[in-house]
Amino acid sequence: MTKCLQRELTDLQKKYDPENSGFISTERFRDLLATHGSELDPHKLEVLLALADGNADGKICYQDFVNLMSNKRSNSFRRAILQGSRQLKGCSLRDEAGLGLSQRLVRHVAYETLPREVDRKWYFDSYTYCPPPWFILAITIAEVAVFMYYGCQMDRLVLQVSSPSFLKSPLPYHPQLRAQAWRYLSYIFMHTGIEHLSLNMAMQLLVGVPLEMVHGALRIGLVYVCGVLAGSLAVSVTDMTAPVVGSSGGVYALVSAHLANVVMNWSGMKCQFKLFRMAMALVCMSVEFGRAVWLRFYPPAFPPCPNPSFVAHLGGVVVGLTLGVVVLQNYEQRLQEQSLFWIFFCVYTLFVLCAVFWNIFAYSLLDVRLPPPP
């Protein structure tokens with residue numbers, strides 16, 4: 001923040017706020033902006049003006065100003081911006097010229113994922129590529145590395161699932177080995193073939209990387225891991241004799257959450273070719289899901305173990321349309337402040353607990369005939 005503006009605002013606070021309430025009038029605040037506005041980033045100046053417009057009580061909180069200049073936003077600040085900046089008075093971020101390649105990329109990501117212009121400008125000003133979108137990139141690199149390792153080991157890249165040694169890895173979920181808890185997550189590193197891997201990686205990178213650039217690794221990792229866990233647990237409950245491989249649970253959680261967010265904020269989303277992009281995403285998801293359904297009911301090359309289940313896809317979609325939408329919908333609002341997040345998170349936790357008890361007791365009570373261990 002500019003030292004001169006901060007010093008004068010502090011002096012005005014002492015002069016016009018003798019009770020030290022932390023507020024000054026919007027008129028004095030506007031006078032300061034008119035005097036020192038040239039020292040500020042134009043986007044921050046525009047947001048400050050919107051903040052002044054949004055305070056119906058005629059007062060500005062000093063802490064809100066400090067939060068803005070240090071790239072933080074409180075709940076009261078967000079409410080004021082929401083009231084005062086339905087239509088920002090300045091030019092849109094898309095109309096700005098003279099941007100470098102990295103700035104154009106950040107602007108593109110902002111328009112792909114955020115529905116409000118004030119949030120897009122806020123994100124454009126505050127994003128620094130530090131940290132980079134490491135979570136999705138690390139997961140993708142690990143999945144490709146594991147696939148290439150087993151591809152070389154089995155001397156097979158297409159339809160690896162037809163190899164008798166495919167399920168002998170310690171990574172896939174197998175109903176006979178469901179007591180090995182890590183398999184409910186580690187199955188994402190195994191894929192049925194290069195065609196399976198390619199579709200998942202394409203959706204994971206095209207959707208996951210922009211989302212992580214905006215929402216951060218913590219939020220995206222939460223949605224992804226919850227989708228992965230929900231996928232394997234859903235298979236263990238509904239398709240009890242089938243193994244699970246592939247990262248579709250996590251990928252479908254991210255893609256479905258993003259698509260639902262676009263639909264819910266359709267008028268505010270200014271991404272180019274959004275209808276075409278949605279259609280292509282749905283086509284890719286349908287092709288990959290259709291392939292999984294076909295593979296599940298296709299006679300396995302090495303019975304009696306069935307081919308991997310497709311139910312993990314559906315588990316990921318359910319997580320994306322519930323927990324994922326809440327996580328992505330409110331940009332920069334802390335998750336612990338969202339009541340709907342806690343509702344869906346509690347429902348998700350209840351599902352996980354019920355699925356755990358199901359895996360402990362239901363298989364023996366129902367006398368399920370399981371395939372032999374790999």
# chains A, B, ... in the order shown; residues from 1 in each chain; ligands from 1
call {"tool": "residues_around", "arguments": {"residues": "segment 184-196 of chain A", "least_positions_apart": "3", "cutoff": "7 Å", "atoms": "only C-alpha atoms", "output": "PyMOL selection string"}}
result
chain A and resi 143+146-147+157-161+171-173+181+199-200+228-229+232+244-247
call {"tool": "residues_around", "arguments": {"residues": "Met154 of chain A", "least_positions_apart": "4", "cutoff": "10 Å", "atoms": "only C-alpha atoms", "output": "JSON, numbers by chain"}}
result
{"A": [148, 149, 150, 160, 163, 164, 165, 166]}
call {"tool": "residues_around", "arguments": {"residues": "Tyr129 of chain A", "least_positions_apart": "4", "cutoff": "10 Å", "atoms": "only C-alpha atoms", "output": "list in words"}}
result
Ser102, Val106, Pro133 and Met213 of chain A
call {"tool": "write_last_selection", "arguments": {"atoms": "N, CA, C and O atoms", "output": "PDB file, in the first residue's frame"}}
result
ATOM      1  N   SER A 102       2.322 -14.126 -19.918  1.00  0.00           N
ATOM      2  CA  SER A 102       1.869 -14.664 -18.639  1.00  0.00           C
ATOM      3  C   SER A 102       0.629 -13.927 -18.148  1.00  0.00           C
ATOM      4  O   SER A 102      -0.280 -14.538 -17.579  1.00  0.00           O
ATOM      5  N   VAL A 106      -3.138 -15.504 -17.341  1.00  0.00           N
ATOM      6  CA  VAL A 106      -3.889 -15.291 -16.104  1.00  0.00           C
ATOM      7  C   VAL A 106      -5.256 -14.700 -16.410  1.00  0.00           C
ATOM      8  O   VAL A 106      -6.271 -15.093 -15.812  1.00  0.00           O
ATOM      9  N   PRO A 133       0.496 -24.323 -10.013  1.00  0.00           N
ATOM     10  CA  PRO A 133      -0.515 -25.388  -9.821  1.00  0.00           C
ATOM     11  C   PRO A 133       0.140 -26.758  -9.722  1.00  0.00           C
ATOM     12  O   PRO A 133       0.038 -27.595 -10.622  1.00  0.00           O
ATOM     13  N   MET A 213      -5.143 -22.897 -10.354  1.00  0.00           N
ATOM     14  CA  MET A 213      -4.553 -21.562 -10.420  1.00  0.00           C
ATOM     15  C   MET A 213      -5.432 -20.529  -9.720  1.00  0.00           C
ATOM     16  O   MET A 213      -4.935 -19.562  -9.134  1.00  0.00           O
TER      17      MET A 213
END
call {"tool": "atom_distance", "arguments": {"atom1": "atom CA of Val287 of chain A", "atom2": "atom CA of Pro175 of chain A"}}
result
26.3 Å
call {"tool": "atom_distance", "arguments": {"atom1": "atom CA of Leu206 of chain A", "atom2": "atom CA of Ser248 of chain A"}}
result
14.3 Å
call {"tool": "closest_atom_pairs", "arguments": {"of": "segment 222-267 of chain A", "to": "segment 271-281 of chain A", "cutoff": "10 Å", "atoms": "only C-alpha atoms", "output": "Markdown table"}}
result
| residue | atom | partner | partner_atom | distance |
| --- | --- | --- | --- | --- |
| A:Val255 | CA | A:Ala281 | CA | 7.8 |
| A:Ser256 | CA | A:Ala281 | CA | 9.3 |
| A:His258 | CA | A:Met278 | CA | 9.7 |
| A:Leu259 | CA | A:Met278 | CA | 6.9 |
| A:Val262 | CA | A:Lys274 | CA | 8.5 |
| A:Val263 | CA | A:Met278 | CA | 9.3 |
| A:Trp266 | CA | A:Lys274 | CA | 9.0 |
call {"tool": "atom_distance", "arguments": {"atom1": "atom CA of Ala234 of chain A", "atom2": "atom CA of Ala253 of chain A"}}
result
13.6 Å
call {"tool": "residues_around", "arguments": {"residues": "Val319 of chain A", "least_positions_apart": "3", "cutoff": "6 Å", "atoms": "only C-alpha atoms", "output": "PyMOL selection string"}}
result
chain A and resi 227+253+316+322-323
call {"tool": "closest_residue", "arguments": {"among": "A:Ser236, A:Gln204, A:Ser286, A:Ser198", "to": "Arg183 of chain A", "atoms": "only C-alpha atoms"}}
result
A:Ser236
call {"tool": "residues_around", "arguments": {"residues": "segment 356-358 of chain A", "least_positions_apart": "4", "cutoff": "9 Å", "atoms": "only C-alpha atoms", "output": "PyMOL selection string"}}
result
chain A and resi 233+236-237+351-352+362-363
call {"tool": "write_last_selection", "arguments": {"atoms": "C-alpha atoms", "output": "mmCIF file, in the first residue's frame"}}
result
data_model
loop_
_atom_site.group_PDB
_atom_site.id
_atom_site.type_symbol
_atom_site.label_atom_id
_atom_site.label_comp_id
_atom_site.auth_asym_id
_atom_site.auth_seq_id
_atom_site.Cartn_x
_atom_site.Cartn_y
_atom_site.Cartn_z
ATOM 1 C CA LEU A 233 -16.239 -46.765 -1.846
ATOM 2 C CA SER A 236 -17.335 -51.497 -2.906
ATOM 3 C CA VAL A 237 -21.000 -50.895 -2.007
ATOM 4 C CA PHE A 351 -21.342 -41.846 3.540
ATOM 5 C CA VAL A 352 -17.685 -42.753 4.117
ATOM 6 C CA ALA A 362 -21.820 -56.735 4.472
ATOM 7 C CA TYR A 363 -19.613 -59.053 2.407
#
call {"tool": "select_by_dssp", "arguments": {"residues": "segment 135-362 of chain A", "states": "helix (DSSP H, G or I)", "output": "VMD selection string"}}
result
chain A and resid 135 to 154 160 to 162 166 to 168 175 to 177 183 to 189 194 to 238 248 to 264 274 to 297 311 to 329 335 to 337 339 to 362
call {"tool": "residues_around", "arguments": {"residues": "Leu114 of chain A", "least_positions_apart": "6", "cutoff": "8 Å", "atoms": "only C-alpha atoms", "output": "list in words"}}
result
Arg120, Met269 and Tyr331 of chain A
call {"tool": "write_last_selection", "arguments": {"atoms": "all heavy atoms", "output": "mmCIF file, in the first residue's frame"}}
result
data_model
loop_
_atom_site.group_PDB
_atom_site.id
_atom_site.type_symbol
_atom_site.label_atom_id
_atom_site.label_comp_id
_atom_site.auth_asym_id
_atom_site.auth_seq_id
_atom_site.Cartn_x
_atom_site.Cartn_y
_atom_site.Cartn_z
ATOM 1 N N ARG A 120 -12.603 -11.273 -11.137
ATOM 2 C CA ARG A 120 -11.588 -11.484 -12.172
ATOM 3 C C ARG A 120 -10.456 -10.471 -12.046
ATOM 4 O O ARG A 120 -9.269 -10.820 -12.173
ATOM 5 C CB ARG A 120 -12.239 -11.414 -13.558
ATOM 6 C CG ARG A 120 -13.137 -12.594 -13.875
ATOM 7 C CD ARG A 120 -13.536 -12.627 -15.326
ATOM 8 N NE ARG A 120 -14.575 -11.671 -15.638
ATOM 9 C CZ ARG A 120 -15.873 -11.977 -15.777
ATOM 10 N NH1 ARG A 120 -16.268 -13.222 -15.593
ATOM 11 N NH2 ARG A 120 -16.741 -11.064 -16.092
ATOM 12 N N MET A 269 -20.446 -15.779 -16.831
ATOM 13 C CA MET A 269 -19.258 -16.424 -17.403
ATOM 14 C C MET A 269 -18.993 -15.859 -18.793
ATOM 15 O O MET A 269 -19.833 -15.964 -19.682
ATOM 16 C CB MET A 269 -19.449 -17.934 -17.473
ATOM 17 C CG MET A 269 -19.689 -18.596 -16.122
ATOM 18 S SD MET A 269 -18.362 -18.380 -14.918
ATOM 19 C CE MET A 269 -17.046 -19.342 -15.659
ATOM 20 N N TYR A 331 -15.508 -17.650 -4.569
ATOM 21 C CA TYR A 331 -14.086 -17.359 -4.713
ATOM 22 C C TYR A 331 -13.572 -16.621 -3.486
ATOM 23 O O TYR A 331 -14.136 -15.620 -3.070
ATOM 24 C CB TYR A 331 -13.872 -16.517 -5.971
ATOM 25 C CG TYR A 331 -12.478 -15.955 -6.121
ATOM 26 C CD1 TYR A 331 -11.385 -16.801 -6.227
ATOM 27 C CD2 TYR A 331 -12.260 -14.588 -6.171
ATOM 28 C CE1 TYR A 331 -10.109 -16.292 -6.378
ATOM 29 C CE2 TYR A 331 -10.995 -14.063 -6.332
ATOM 30 C CZ TYR A 331 -9.920 -14.918 -6.437
ATOM 31 O OH TYR A 331 -8.660 -14.418 -6.586
#
call {"tool": "residues_around", "arguments": {"residues": "Phe310 of chain A", "least_positions_apart": "3", "cutoff": "6 Å", "atoms": "only C-alpha atoms", "output": "list of chain:residue names"}}
result
A:Ala292, A:Val293, A:His313
call {"tool": "closest_residue", "arguments": {"among": "A:Ser162, A:Phe135, A:Leu365, A:Gly250", "to": "Ala301 of chain A", "atoms": "only C-alpha atoms"}}
result
A:Ser162
call {"tool": "closest_residue", "arguments": {"among": "A:Ile136, A:Val368, A:Val214, A:Met203", "to": "Leu282 of chain A", "atoms": "only C-alpha atoms"}}
result
A:Met203
call {"tool": "closest_residue", "arguments": {"among": "A:Val283, A:Val347, A:Met264, A:Leu370", "to": "Pro304 of chain A", "atoms": "only C-alpha atoms"}}
result
A:Leu370
call {"tool": "closest_residue", "arguments": {"among": "A:Pro306, A:Pro299, A:Ala257, A:Pro373", "to": "Ser169 of chain A", "atoms": "only C-alpha atoms"}}
result
A:Pro373
